[in-house]
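**Q** Contents of protein-v5.txt (compact mmCIF, C-alpha atoms):
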```txt
# COMPACT_ATOMS: atom_id res chain seq x y z
CA MET A 7 -22.14 -11.78 -13.11
CA ASN A 8 -23.79 -8.60 -11.84
CA LYS A 9 -20.47 -7.03 -11.02
CA LYS A 10 -21.57 -3.55 -10.08
CA ARG A 11 -23.98 -4.94 -7.53
CA SER A 12 -21.59 -7.42 -6.03
CA ALA A 13 -18.19 -5.75 -6.28
CA VAL A 14 -19.18 -3.01 -3.82
CA ALA A 15 -20.14 -5.61 -1.27
CA LEU A 16 -16.98 -7.52 -2.06
CA THR A 17 -14.84 -4.49 -1.40
CA ALA A 18 -16.46 -3.82 1.95
CA VAL A 19 -16.01 -7.37 3.10
CA MET A 20 -12.50 -7.94 1.80
CA ALA A 21 -11.14 -4.63 3.05
CA MET A 22 -11.37 -6.03 6.55
CA SER A 23 -9.26 -9.05 5.66
CA LEU A 24 -6.31 -7.75 3.71
CA ALA A 25 -3.92 -7.67 6.67
CA LEU A 26 -2.52 -11.05 7.62
CA THR A 27 -2.93 -11.71 11.33
CA ALA A 28 -1.74 -14.48 13.58
CA CYS A 29 -3.58 -17.71 12.90
CA GLY A 30 -6.06 -18.89 15.50
CA GLY A 31 -5.98 -22.40 16.83
CA GLY A 32 -8.07 -25.23 15.49
CA ASN A 33 -11.23 -25.12 13.38
CA ASN A 34 -14.14 -22.81 13.97
CA ALA A 35 -16.67 -25.02 12.24
CA SER A 36 -20.09 -25.59 13.73
CA SER A 37 -21.59 -28.12 11.34
CA ASN A 38 -22.62 -31.56 12.49
CA SER A 39 -20.26 -33.14 10.01
CA GLN A 40 -17.29 -31.13 11.31
CA ASN A 41 -17.86 -31.38 15.06
CA GLY A 42 -19.63 -34.69 14.89
CA SER A 43 -18.35 -38.18 14.33
CA ALA A 44 -17.43 -38.12 10.64
CA GLY A 45 -14.01 -39.70 10.29
CA THR A 46 -13.22 -39.57 14.01
CA ASP A 47 -14.86 -42.63 15.54
CA LYS A 48 -13.22 -46.00 15.41
CA GLY A 49 -14.73 -48.19 12.77
CA GLU A 50 -15.22 -48.03 9.04
CA VAL A 51 -12.72 -46.08 6.98
CA LYS A 52 -14.49 -44.13 4.24
CA THR A 53 -12.98 -42.76 1.06
CA VAL A 54 -13.85 -39.39 -0.45
CA LYS A 55 -13.14 -39.29 -4.18
CA ILE A 56 -12.29 -35.80 -5.40
CA PHE A 57 -12.30 -35.05 -9.13
CA GLN A 58 -11.10 -31.56 -10.06
CA PHE A 59 -9.33 -29.69 -12.87
CA LYS A 60 -6.94 -27.14 -11.38
CA THR A 61 -3.60 -28.67 -12.28
CA GLU A 62 -1.60 -25.95 -10.54
CA ILE A 63 -2.81 -27.03 -7.07
CA VAL A 64 -2.22 -30.79 -7.38
CA GLU A 65 0.97 -30.77 -5.30
CA GLY A 66 -0.65 -28.70 -2.58
CA LEU A 67 -3.78 -30.85 -2.51
CA ASN A 68 -1.69 -33.96 -2.01
CA GLU A 69 0.18 -32.29 0.83
CA LEU A 70 -3.11 -31.24 2.43
CA LYS A 71 -4.40 -34.80 2.01
CA VAL A 72 -1.64 -36.03 4.33
CA GLU A 73 -2.45 -33.43 6.99
CA PHE A 74 -6.20 -33.98 6.77
CA GLU A 75 -5.89 -37.74 7.08
CA LYS A 76 -3.73 -37.31 10.20
CA GLU A 77 -6.58 -35.36 11.78
CA TYR A 78 -9.32 -37.62 10.39
CA PRO A 79 -7.79 -41.10 10.14
CA ASN A 80 -11.13 -42.68 9.23
CA ILE A 81 -11.41 -40.54 6.07
CA LYS A 82 -9.16 -41.19 3.10
CA LEU A 83 -8.96 -38.79 0.16
CA ASP A 84 -8.63 -40.05 -3.40
CA ILE A 85 -7.67 -36.99 -5.46
CA GLN A 86 -7.79 -37.11 -9.25
CA THR A 87 -7.10 -34.18 -11.56
CA VAL A 88 -7.97 -33.75 -15.23
CA GLY A 89 -7.12 -30.28 -16.49
CA GLY A 90 -4.80 -28.21 -18.63
CA GLY A 91 -5.57 -29.09 -22.23
CA ALA A 92 -7.71 -32.09 -21.29
CA ASP A 93 -11.52 -31.97 -21.45
CA TYR A 94 -12.60 -32.09 -17.82
CA ALA A 95 -16.32 -31.87 -18.63
CA ALA A 96 -16.18 -34.93 -20.87
CA ALA A 97 -14.11 -36.83 -18.31
CA LEU A 98 -16.62 -36.01 -15.57
CA LYS A 99 -19.52 -37.28 -17.68
CA THR A 100 -17.59 -40.49 -18.26
CA LYS A 101 -17.06 -40.88 -14.52
CA PHE A 102 -20.77 -40.70 -13.81
CA ALA A 103 -21.73 -42.86 -16.80
CA SER A 104 -19.30 -45.62 -15.78
CA GLY A 105 -20.51 -45.83 -12.19
CA ASP A 106 -17.33 -44.23 -10.83
CA ALA A 107 -18.94 -40.96 -9.79
CA PRO A 108 -16.81 -38.75 -7.53
CA ASP A 109 -17.96 -37.55 -4.13
CA ILE A 110 -16.61 -34.02 -4.73
CA PHE A 111 -16.25 -32.50 -8.20
CA SER A 112 -15.68 -29.13 -9.85
CA ASN A 113 -18.45 -26.98 -11.32
CA GLY A 114 -18.29 -23.58 -12.99
CA GLY A 115 -21.72 -22.35 -11.94
CA TYR A 116 -24.56 -20.69 -13.87
CA ALA A 117 -25.35 -22.89 -16.93
CA GLU A 118 -23.01 -25.59 -15.66
CA MET A 119 -24.84 -25.62 -12.34
CA GLU A 120 -28.11 -26.13 -14.23
CA LEU A 121 -26.55 -28.98 -16.20
CA TRP A 122 -25.49 -30.85 -13.07
CA GLY A 123 -28.32 -29.66 -10.84
CA ASP A 124 -29.75 -33.14 -10.21
CA LYS A 125 -26.38 -34.38 -8.91
CA MET A 126 -25.51 -31.61 -6.47
CA GLU A 127 -26.05 -31.53 -2.72
CA ASP A 128 -27.56 -28.40 -1.16
CA LEU A 129 -24.77 -26.94 0.97
CA SER A 130 -26.71 -23.97 2.35
CA ASP A 131 -26.48 -25.25 5.93
CA GLN A 132 -22.68 -25.46 5.92
CA PRO A 133 -20.90 -23.04 8.30
CA TRP A 134 -18.68 -21.45 5.65
CA VAL A 135 -21.65 -20.29 3.53
CA LYS A 136 -22.27 -17.23 5.70
CA ASP A 137 -18.70 -16.08 5.03
CA LEU A 138 -18.89 -16.16 1.22
CA ILE A 139 -18.08 -12.93 -0.58
CA PRO A 140 -21.25 -11.97 -2.53
CA MET A 141 -19.51 -12.02 -5.93
CA ALA A 142 -18.20 -15.50 -5.21
CA ALA A 143 -21.57 -16.85 -4.10
CA GLU A 144 -23.49 -15.81 -7.23
CA PRO A 145 -22.54 -18.55 -9.73
CA MET A 146 -23.61 -21.40 -7.44
CA THR A 147 -26.71 -19.84 -5.86
CA LYS A 148 -30.19 -20.77 -7.06
CA ASP A 149 -33.50 -20.01 -5.37
CA GLY A 150 -31.61 -18.83 -2.30
CA LYS A 151 -29.68 -22.08 -1.96
CA VAL A 152 -25.92 -22.52 -2.29
CA TYR A 153 -24.68 -25.62 -4.10
CA GLY A 154 -20.93 -25.15 -4.27
CA MET A 155 -17.87 -23.83 -2.48
CA PRO A 156 -16.00 -21.29 -4.65
CA MET A 157 -12.28 -21.98 -4.61
CA ASN A 158 -11.11 -18.41 -5.26
CA LEU A 159 -11.41 -15.30 -7.40
CA GLU A 160 -9.34 -15.18 -10.58
CA GLY A 161 -8.52 -12.41 -12.98
CA ILE A 162 -7.74 -12.89 -16.67
CA GLY A 163 -5.83 -10.47 -18.87
CA PHE A 164 -2.34 -9.83 -20.18
CA VAL A 165 0.50 -10.75 -17.84
CA TYR A 166 3.47 -8.53 -18.64
CA ASN A 167 7.14 -8.12 -17.81
CA LYS A 168 7.53 -4.75 -16.09
CA ASP A 169 11.28 -4.62 -16.59
CA LEU A 170 10.96 -5.14 -20.35
CA PHE A 171 8.24 -2.49 -20.52
CA GLU A 172 10.52 -0.04 -18.73
CA LYS A 173 13.45 -0.90 -20.98
CA ALA A 174 11.26 -0.28 -24.04
CA GLY A 175 10.11 3.08 -22.68
CA ILE A 176 6.51 2.01 -22.02
CA THR A 177 5.42 4.07 -19.04
CA GLU A 178 1.74 3.07 -18.77
CA THR A 179 -0.17 -0.14 -19.39
CA PRO A 180 -2.18 0.09 -22.65
CA LYS A 181 -5.90 0.84 -22.37
CA THR A 182 -6.73 0.94 -26.08
CA LEU A 183 -5.87 -1.29 -29.01
CA SER A 184 -3.73 1.42 -30.63
CA GLN A 185 -1.81 1.89 -27.37
CA LEU A 186 -1.24 -1.86 -27.22
CA GLU A 187 0.15 -1.84 -30.77
CA GLU A 188 2.41 1.10 -29.95
CA ALA A 189 3.76 -0.84 -26.95
CA ALA A 190 4.34 -3.87 -29.17
CA LYS A 191 6.35 -1.78 -31.63
CA LYS A 192 8.53 -0.43 -28.82
CA LEU A 193 9.20 -3.95 -27.58
CA GLN A 194 10.14 -5.11 -31.06
CA ALA A 195 12.56 -2.20 -31.26
CA ILE A 196 14.56 -3.67 -28.37
CA ASP A 197 14.47 -7.16 -29.97
CA VAL A 198 11.83 -8.59 -27.67
CA THR A 199 8.87 -10.59 -28.99
CA PRO A 200 5.83 -8.71 -27.64
CA PHE A 201 3.37 -11.63 -27.30
CA GLY A 202 3.71 -15.29 -26.49
CA ASN A 203 0.55 -16.96 -27.79
CA ALA A 204 -0.49 -20.42 -26.59
CA TYR A 205 -3.23 -20.76 -29.17
CA GLN A 206 -3.03 -24.52 -29.15
CA GLU A 207 -5.03 -24.32 -25.91
CA TRP A 208 -8.80 -24.39 -26.43
CA TRP A 209 -9.53 -22.98 -22.96
CA LEU A 210 -7.41 -19.91 -23.51
CA LEU A 211 -9.35 -18.99 -26.66
CA GLY A 212 -12.87 -20.39 -26.34
CA ASN A 213 -13.33 -20.02 -22.60
CA GLN A 214 -11.29 -17.10 -21.29
CA GLY A 215 -10.26 -14.94 -24.23
CA ILE A 216 -13.62 -14.73 -25.96
CA SER A 217 -15.31 -13.80 -22.69
CA VAL A 218 -14.28 -10.18 -23.28
CA ALA A 219 -16.40 -10.02 -26.45
CA PHE A 220 -19.43 -11.13 -24.44
CA ALA A 221 -18.67 -8.99 -21.39
CA GLN A 222 -18.47 -5.76 -23.42
CA GLN A 223 -21.98 -6.17 -24.83
CA ASP A 224 -24.32 -3.45 -23.57
CA ASP A 225 -26.42 -6.08 -21.78
CA VAL A 226 -24.45 -9.31 -21.58
CA ASN A 227 -27.19 -11.41 -19.96
CA GLY A 228 -29.74 -10.04 -22.41
CA PHE A 229 -27.40 -10.81 -25.30
CA ILE A 230 -26.88 -14.42 -24.14
CA LYS A 231 -30.62 -14.81 -23.67
CA SER A 232 -31.20 -13.56 -27.23
CA LEU A 233 -28.72 -16.11 -28.56
CA ASN A 234 -30.57 -18.88 -26.73
CA GLU A 235 -33.94 -17.66 -28.00
CA GLY A 236 -32.73 -17.20 -31.57
CA THR A 237 -33.44 -13.45 -31.64
CA GLY A 238 -29.82 -12.34 -31.43
CA THR A 239 -26.69 -13.18 -33.40
CA ILE A 240 -22.93 -13.03 -33.19
CA VAL A 241 -22.68 -12.44 -36.94
CA GLY A 242 -22.04 -8.76 -37.64
CA ASN A 243 -21.69 -7.90 -33.94
CA LYS A 244 -19.26 -4.97 -33.65
CA VAL A 245 -17.79 -6.08 -30.32
CA PHE A 246 -16.85 -9.49 -31.73
CA GLU A 247 -15.23 -7.79 -34.70
CA ASP A 248 -13.27 -5.64 -32.24
CA TRP A 249 -12.14 -8.77 -30.39
CA SER A 250 -10.88 -10.30 -33.64
CA ASN A 251 -8.75 -7.18 -34.14
CA LEU A 252 -7.07 -7.82 -30.78
CA LEU A 253 -6.45 -11.44 -31.72
CA ASN A 254 -4.89 -10.40 -35.03
CA LEU A 255 -2.67 -7.87 -33.27
CA THR A 256 -1.29 -10.58 -30.96
CA LEU A 257 -0.58 -12.72 -34.02
CA LYS A 258 1.15 -9.86 -35.86
CA TYR A 259 3.47 -9.22 -32.93
CA GLY A 260 3.69 -12.75 -31.58
CA GLN A 261 6.01 -15.72 -31.93
CA LYS A 262 5.87 -18.16 -34.83
CA ASN A 263 3.60 -21.20 -34.81
CA PRO A 264 1.03 -20.09 -32.19
CA LEU A 265 -1.28 -23.00 -32.99
CA THR A 266 1.37 -25.50 -31.93
CA THR A 267 2.37 -23.58 -28.81
CA ASP A 268 0.92 -24.85 -25.53
CA ALA A 269 0.59 -23.10 -22.18
CA ASN A 270 3.77 -24.60 -20.71
CA THR A 271 5.77 -23.28 -23.64
CA HIS A 272 4.39 -19.76 -23.54
CA LEU A 273 4.92 -19.67 -19.76
CA ALA A 274 8.54 -20.73 -20.21
CA MET A 275 9.15 -18.16 -22.96
CA PHE A 276 7.70 -15.43 -20.79
CA ALA A 277 9.54 -16.45 -17.62
CA LYS A 278 12.84 -16.48 -19.50
CA GLY A 279 12.25 -12.96 -20.82
CA GLU A 280 11.83 -14.07 -24.45
CA THR A 281 8.35 -12.55 -24.65
CA ALA A 282 6.94 -9.52 -22.86
CA MET A 283 3.22 -10.40 -22.63
CA MET A 284 0.96 -13.42 -22.55
CA GLN A 285 -2.76 -13.92 -22.06
CA GLU A 286 -3.03 -15.58 -18.66
CA GLY A 287 -4.53 -15.20 -15.21
CA ASN A 288 -3.16 -14.54 -11.77
CA TRP A 289 -2.80 -18.32 -11.32
CA ALA A 290 0.32 -17.95 -13.48
CA GLN A 291 2.11 -16.38 -10.50
CA THR A 292 3.25 -19.69 -9.03
CA LEU A 293 4.06 -21.11 -12.47
CA VAL A 294 6.30 -18.16 -13.36
CA ASP A 295 7.86 -18.21 -9.88
CA ASN A 296 8.85 -21.84 -10.38
CA ILE A 297 10.92 -20.83 -13.40
CA THR A 298 12.10 -17.31 -12.47
CA PRO A 299 11.50 -16.44 -8.80
CA ASP A 300 10.74 -12.80 -7.93
CA MET A 301 10.20 -11.78 -11.54
CA ASN A 302 8.89 -8.22 -11.85
CA ILE A 303 5.47 -8.89 -13.41
CA GLY A 304 1.98 -7.44 -13.48
CA MET A 305 -1.41 -7.73 -15.18
CA PHE A 306 -3.67 -5.45 -17.21
CA PRO A 307 -6.99 -6.01 -19.04
CA MET A 308 -7.23 -6.95 -22.71
CA PRO A 309 -8.15 -3.86 -24.80
CA ILE A 310 -10.19 -4.59 -27.93
CA ASN A 311 -10.89 -1.09 -29.31
CA GLU A 312 -10.34 2.61 -28.63
CA ASP A 313 -12.76 2.97 -25.69
CA ALA A 314 -10.28 3.27 -22.82
CA GLU A 315 -12.96 3.32 -20.11
CA LYS A 316 -14.61 0.12 -21.31
CA ASN A 317 -11.30 -1.62 -21.89
CA ASP A 318 -9.89 -0.77 -18.46
CA LYS A 319 -11.84 -3.51 -16.67
CA MET A 320 -10.33 -6.81 -15.62
CA THR A 321 -12.12 -10.06 -16.36
CA VAL A 322 -12.74 -11.60 -12.93
CA GLY A 323 -14.59 -14.78 -12.17
CA ILE A 324 -14.86 -17.91 -10.08
CA PRO A 325 -12.84 -20.55 -11.95
CA ALA A 326 -14.22 -23.51 -10.08
CA ASN A 327 -16.58 -24.44 -7.29
CA LEU A 328 -16.31 -27.67 -5.33
CA VAL A 329 -19.66 -29.43 -5.15
CA ILE A 330 -20.77 -32.64 -3.45
CA ASN A 331 -22.51 -35.50 -5.22
CA LYS A 332 -25.88 -35.76 -3.47
CA ASP A 333 -25.94 -39.52 -4.10
CA SER A 334 -22.52 -40.04 -2.53
CA GLY A 335 -22.15 -42.65 0.19
CA SER A 336 -19.48 -40.42 1.78
CA LYS A 337 -21.49 -37.23 1.79
CA GLU A 338 -20.83 -36.24 5.40
CA GLU A 339 -17.14 -37.02 5.09
CA ALA A 340 -16.99 -34.87 1.95
CA LYS A 341 -18.57 -31.98 3.86
CA THR A 342 -16.03 -32.47 6.63
CA PHE A 343 -13.16 -32.08 4.17
CA LEU A 344 -14.56 -28.97 2.47
CA ASN A 345 -15.14 -27.35 5.83
CA TRP A 346 -11.64 -28.24 6.99
CA LEU A 347 -10.15 -26.81 3.78
CA VAL A 348 -11.46 -23.29 4.47
CA THR A 349 -11.42 -23.20 8.29
CA SER A 350 -8.24 -25.01 9.34
CA ASP A 351 -5.05 -23.00 9.71
CA MET A 352 -3.30 -25.37 7.32
CA GLY A 353 -6.00 -25.11 4.64
CA LYS A 354 -6.17 -21.33 4.78
CA GLU A 355 -2.41 -21.02 4.61
CA TYR A 356 -2.26 -23.16 1.48
CA ILE A 357 -5.08 -21.21 -0.19
CA VAL A 358 -3.34 -17.85 0.05
CA LYS A 359 0.37 -18.61 0.43
CA LYS A 360 0.93 -21.82 -1.52
CA TRP A 361 -1.64 -21.36 -4.27
CA LYS A 362 -1.62 -17.53 -4.28
CA PHE A 363 -5.43 -17.56 -4.41
CA ILE A 364 -7.55 -14.46 -3.92
CA PRO A 365 -9.87 -15.83 -1.20
CA ALA A 366 -13.59 -16.26 -1.83
CA LEU A 367 -14.41 -16.18 1.90
CA SER A 368 -14.13 -13.14 4.13
CA THR A 369 -12.67 -15.28 6.93
CA ILE A 370 -9.55 -16.15 4.93
CA GLU A 371 -7.07 -13.33 5.35
CA ALA A 372 -4.51 -12.41 2.73
CA THR A 373 -1.90 -9.74 2.08
CA PRO A 374 -0.47 -8.62 -1.27
CA GLU A 375 2.65 -10.57 -0.33
CA ASP A 376 0.55 -13.71 0.06
CA ILE A 377 -1.30 -13.58 -3.24
CA GLY A 378 1.59 -12.21 -5.30
CA LYS A 379 2.01 -9.37 -7.78
CA LEU A 380 -0.60 -10.69 -10.20
CA GLY A 381 -3.22 -11.32 -7.54
CA SER A 382 -2.60 -7.86 -6.11
CA ASP A 383 -3.18 -6.25 -9.52
CA VAL A 384 -6.44 -8.16 -9.93
CA TRP A 385 -7.54 -7.23 -6.43
CA ASN A 386 -6.87 -3.54 -7.14
CA TYR A 387 -9.27 -3.70 -10.10
CA VAL A 388 -11.87 -5.37 -7.89
CA LYS A 389 -11.48 -2.70 -5.19
CA GLU A 390 -11.99 0.00 -7.83
CA ASP A 391 -15.10 -1.79 -9.17
CA LYS A 392 -13.44 -2.08 -12.58
CA VAL A 393 -14.32 -5.66 -13.44
CA TYR A 394 -16.18 -7.76 -15.99
CA GLY A 395 -17.47 -11.18 -15.09
CA LEU A 396 -16.04 -14.28 -16.76
CA GLN A 397 -18.96 -15.24 -18.99
CA SER A 398 -18.06 -18.73 -20.19
CA SER A 399 -19.96 -20.59 -17.46
CA LYS A 400 -23.14 -19.11 -18.99
CA PHE A 401 -22.45 -20.73 -22.38
CA PRO A 402 -24.18 -23.92 -23.57
CA ASP A 403 -22.38 -27.11 -22.58
CA GLY A 404 -19.51 -27.86 -24.95
CA VAL A 405 -19.57 -24.55 -26.80
CA THR A 406 -16.21 -23.32 -25.48
CA GLN A 407 -14.40 -26.10 -27.33
CA GLU A 408 -16.42 -25.36 -30.49
CA PHE A 409 -15.59 -21.67 -30.17
CA ALA A 410 -11.90 -22.46 -29.86
CA SER A 411 -11.97 -24.63 -32.97
CA VAL A 412 -13.51 -21.84 -35.05
CA ILE A 413 -11.08 -19.26 -33.65
CA GLN A 414 -8.18 -21.56 -34.50
CA GLN A 415 -9.51 -21.81 -38.05
CA MET A 416 -9.35 -18.02 -38.29
CA ILE A 417 -5.81 -18.01 -36.88
CA ALA A 418 -4.83 -20.57 -39.52
CA GLY A 419 -6.34 -18.38 -42.26
CA LYS A 420 -9.02 -20.91 -43.18
CA VAL A 421 -11.87 -18.44 -42.55
CA ASP A 422 -12.12 -14.65 -42.54
CA VAL A 423 -13.77 -12.60 -39.80
CA ASN A 424 -17.28 -13.06 -41.22
CA GLY A 425 -16.71 -16.79 -41.60
CA TRP A 426 -15.46 -16.94 -38.03
CA MET A 427 -18.52 -15.14 -36.64
CA THR A 428 -20.78 -17.41 -38.70
CA GLY A 429 -19.00 -20.42 -37.27
CA MET A 430 -19.34 -19.08 -33.73
CA GLN A 431 -23.08 -18.59 -34.23
CA ALA A 432 -23.44 -22.09 -35.69
CA ALA A 433 -21.67 -23.57 -32.66
CA TRP A 434 -24.06 -21.79 -30.29
CA ASP A 435 -27.13 -22.80 -32.29
CA LYS A 436 -26.01 -26.45 -32.37
CA LEU A 437 -25.50 -26.73 -28.61
CA LYS A 438 -28.11 -24.43 -27.09
CA LYS A 439 -31.09 -26.06 -25.41
```
Kindly transcribe the structure held in the file into structure tokens.
**A**
Amino acid sequence: MNKKRSAVALTAVMAMSLALTACGGGNNASSNSQNGSAGTDKGEVKTVKIFQFKTEIVEGLNELKVEFEKEYPNIKLDIQTVGGGADYAAALKTKFASGDAPDIFSNGGYAEMELWGDKMEDLSDQPWVKDLIPMAAEPMTKDGKVYGMPMNLEGIGFVYNKDLFEKAGITETPKTLSQLEEAAKKLQAIDVTPFGNAYQEWWLLGNQGISVAFAQQDDVNGFIKSLNEGTGTIVGNKVFEDWSNLLNLTLKYGQKNPLTTDANTHLAMFAKGETAMMQEGNWAQTLVDNITPDMNIGMFPMPINEDAEKNDKMTVGIPANLVINKDSGSKEEAKTFLNWLVTSDMGKEYIVKKWKFIPALSTIEATPEDIGKLGSDVWNYVKEDKVYGLQSSKFPDGVTQEFASVIQQMIAGKVDVNGWMTGMQAAWDKLKK
């Protein structure tokens, strides 16, 4: 993402909406599908099939389903979720191939938008489009048209236990790799495992973690273009070597058996105070709260070298956009639901208070209390224009899983750093168009 261009606009827009005010009554939508007859006239009951991957919002979505269907009794929602360690992209392809295509599905934008471009409805005429924060609109905008509704902004970095940091005498969050190692040594000295590493999870490594190595390139879009054109290479790239040093540091000061540790386990270890840090995003707020309510936690970016200024930028992106299948027989009903989700009092309340989402629309108001400690830390980086874009949605289809496999080989000691970079390059070359 072009963060410097968009983050300034984001700050201006969001600054007006950071104080929670009394909710207004009803919906403010002006689209034909919202104010028209979709789901309100007596007659045929239509089903909207929703296929998405954010496992942490399943409970809330099902609760919203009940409220939506009360208001629109002629529209029924069929919500299916494939996420966590499962391969959502493969499952979505299977859905379409088997003739069970969803009406609404998730899309990451950029390269993923191109991949699914012939299946997506143009949503530019929907009333919520004018309220999109510029940063949030970028991944799903092509030729001036908007094809997806961004669910939220998310930051990715190290989630840390502030109380354990204080107990260990760590007074500032690390901004260099050497500072991070010094913090790890202090945590070990008080018998706390510094890092909990869920390196069984492909998405944590090949999607989110490795994004930092791409984001810190001098020209990230130019670098990705060079990989696609065969003029650039990952092999021998200094920034990737730096990233491997960070990975090795987390292994050195992490728990045993990281390759058999999943996200639920590392969340539990962290929430119980057994580990002091974990690579996660602000979505972990609700997950940690479910185990240890009101835990004193925060987030900081992942430092990969000794350049404090470059390292002190949070990875921020749009994790998912909801798009509508242009061939759907329930297209108008699908638009009605999406509009209701971001304009109804109930939908907006769930977005910020239940899910702790950083809103992607200027009309959804949120306070630090709403979005939690982690969301507030991410938002502070956004306000200060200290952000890198999440780059994985620009990768060739399927390469994130290939990346993770090669990274896991390095973790297991099957390849050295050069072998890892060679494997990363081979994965890109195999899957690029």
**Q** Using only C-alpha atoms, find each residue in stretch 288-378 of chain A having at least one atom no more than 12 Å away from stretch 62-66 of chain A; report its shortest atom-to-atom pair and that distance in Å (one decimal), rows by chain then rising number, as a tab-separated table.
**A**
```
residue	atom	partner	partner_atom	distance
A:Asn288	CA	A:Glu62	CA	11.6
A:Trp289	CA	A:Glu62	CA	7.8
A:Ala290	CA	A:Glu62	CA	8.7
A:Gln291	CA	A:Glu62	CA	10.3
A:Thr292	CA	A:Glu62	CA	8.1
A:Leu293	CA	A:Glu62	CA	7.7
A:Val294	CA	A:Glu62	CA	11.4
A:Asn296	CA	A:Glu62	CA	11.2
A:Leu347	CA	A:Gly66	CA	11.6
A:Met352	CA	A:Gly66	CA	10.8
A:Gly353	CA	A:Gly66	CA	9.7
A:Lys354	CA	A:Gly66	CA	11.8
A:Glu355	CA	A:Gly66	CA	10.7
A:Tyr356	CA	A:Gly66	CA	7.1
A:Ile357	CA	A:Gly66	CA	9.0
A:Val358	CA	A:Gly66	CA	11.5
A:Lys359	CA	A:Gly66	CA	10.6
A:Lys360	CA	A:Gly66	CA	7.1
A:Trp361	CA	A:Ile63	CA	6.4
A:Lys362	CA	A:Ile63	CA	10.0
A:Phe363	CA	A:Ile63	CA	10.2
```
**Q** Figure out the distance between atom CA of A:Lys136 and atom CA of A:Thr369, please, to one decimal in Å.
**A** 9.9 Å
**Q** One number please: atom CA of A:Asn243 to atom CA of A:Gly228, in Å, one decimal.
**A**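 These atoms are spaced 14.2 Å apart.
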**Q** From the options A:Thr267, A:Gln414, A:Thr406, A:Ser399, which residue's atoms come nearest to A:Ala117, counting only C-alpha atoms?
**A**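 For A:Ala117, the nearest of the candidates is A:Ser399.
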**Q** For each of A:Pro374, A:Gln58, A:Leu170, A:Glu127, take the minimum atom-to-atom distance to A:Ala97, counting all atoms listed in the file, then give the residue where this is smallest.
**A**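 Ranking A:Pro374, A:Gln58, A:Leu170, A:Glu127 by distance to A:Ala97, first place goes to A:Gln58.
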**Q** Have a look at atom CA of A:Gln132 and atom CA of A:Gly114 and let me know their distance in Å, one decimal.
**A**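 Answer for the atom CA of A:Gln132 to atom CA of A:Gly114 separation: 19.5 Å.
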**Q** Between A:Lys60, A:Lys244, A:Lys55, A:Lys420, which has the minimum distance to A:Tyr94 (counting all atoms listed in the file)?
**A**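 Checking each candidate against A:Tyr94, we get A:Lys60 as the closest.
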**Q** Contacts of A:Ser250 at 9 Å or less, counting all atoms listed in the file, minus same-chain residues fewer than 5 places along, as a count of residues only?
**A** 5
**Q** Nearest residue to A:Lys101 out of A:Val88, A:Ala282, A:Val72, A:Ala204, using all atoms listed in the file?
**A** A:Val88
**Q** From the set A:Asp109, A:Glu408, A:Asp391, A:Asp124, which residue has the shortest atom-to-atom contact distance to A:Met141, counting all atoms listed in the file?
**A** A:Asp391
**Q** So, counting only C-alpha atoms, which residue among A:Leu138, A:Thr147, A:Phe220, A:Ser411 is closest to A:Leu265?
**A**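 Counting only C-alpha atoms, the residue closest to A:Leu265 is A:Ser411.
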**Q** Can you tell me, as a list in words, what residues are no more than 8 Å from stretch 300-308 of chain A when counting all atoms listed in the file, ignoring any on the same chain fewer than 5 positions away?
**A** Ile162, Gly163, Phe164, Val165, Tyr166, Asn167, Lys168, Asp169, Thr179, Pro180, Lys181, Val218, Ala277, Asn288, Val294, Asp295, Asn317, Asp318, Lys319, Met320, Thr321, Lys379, Leu380, Asp383 and Val384 of chain A
**Q** For the selection you just gave me, I'd like the residues written to a file as a PDB file, in the frame of the given file, keeping C-alpha atoms.
**A**
```pdb
ATOM      1  CA  ILE A 162      -7.740 -12.890 -16.670  1.00  0.00           C
ATOM      2  CA  GLY A 163      -5.830 -10.470 -18.870  1.00  0.00           C
ATOM      3  CA  PHE A 164      -2.340  -9.830 -20.180  1.00  0.00           C
ATOM      4  CA  VAL A 165       0.500 -10.750 -17.840  1.00  0.00           C
ATOM      5  CA  TYR A 166       3.470  -8.530 -18.640  1.00  0.00           C
ATOM      6  CA  ASN A 167       7.140  -8.120 -17.810  1.00  0.00           C
ATOM      7  CA  LYS A 168       7.530  -4.750 -16.090  1.00  0.00           C
ATOM      8  CA  ASP A 169      11.280  -4.620 -16.590  1.00  0.00           C
ATOM      9  CA  THR A 179      -0.170  -0.140 -19.390  1.00  0.00           C
ATOM     10  CA  PRO A 180      -2.180   0.090 -22.650  1.00  0.00           C
ATOM     11  CA  LYS A 181      -5.900   0.840 -22.370  1.00  0.00           C
ATOM     12  CA  VAL A 218     -14.280 -10.180 -23.280  1.00  0.00           C
ATOM     13  CA  ALA A 277       9.540 -16.450 -17.620  1.00  0.00           C
ATOM     14  CA  ASN A 288      -3.160 -14.540 -11.770  1.00  0.00           C
ATOM     15  CA  VAL A 294       6.300 -18.160 -13.360  1.00  0.00           C
ATOM     16  CA  ASP A 295       7.860 -18.210  -9.880  1.00  0.00           C
ATOM     17  CA  ASN A 317     -11.300  -1.620 -21.890  1.00  0.00           C
ATOM     18  CA  ASP A 318      -9.890  -0.770 -18.460  1.00  0.00           C
ATOM     19  CA  LYS A 319     -11.840  -3.510 -16.670  1.00  0.00           C
ATOM     20  CA  MET A 320     -10.330  -6.810 -15.620  1.00  0.00           C
ATOM     21  CA  THR A 321     -12.120 -10.060 -16.360  1.00  0.00           C
ATOM     22  CA  LYS A 379       2.010  -9.370  -7.780  1.00  0.00           C
ATOM     23  CA  LEU A 380      -0.600 -10.690 -10.200  1.00  0.00           C
ATOM     24  CA  ASP A 383      -3.180  -6.250  -9.520  1.00  0.00           C
ATOM     25  CA  VAL A 384      -6.440  -8.160  -9.930  1.00  0.00           C
TER      26      VAL A 384
END
```
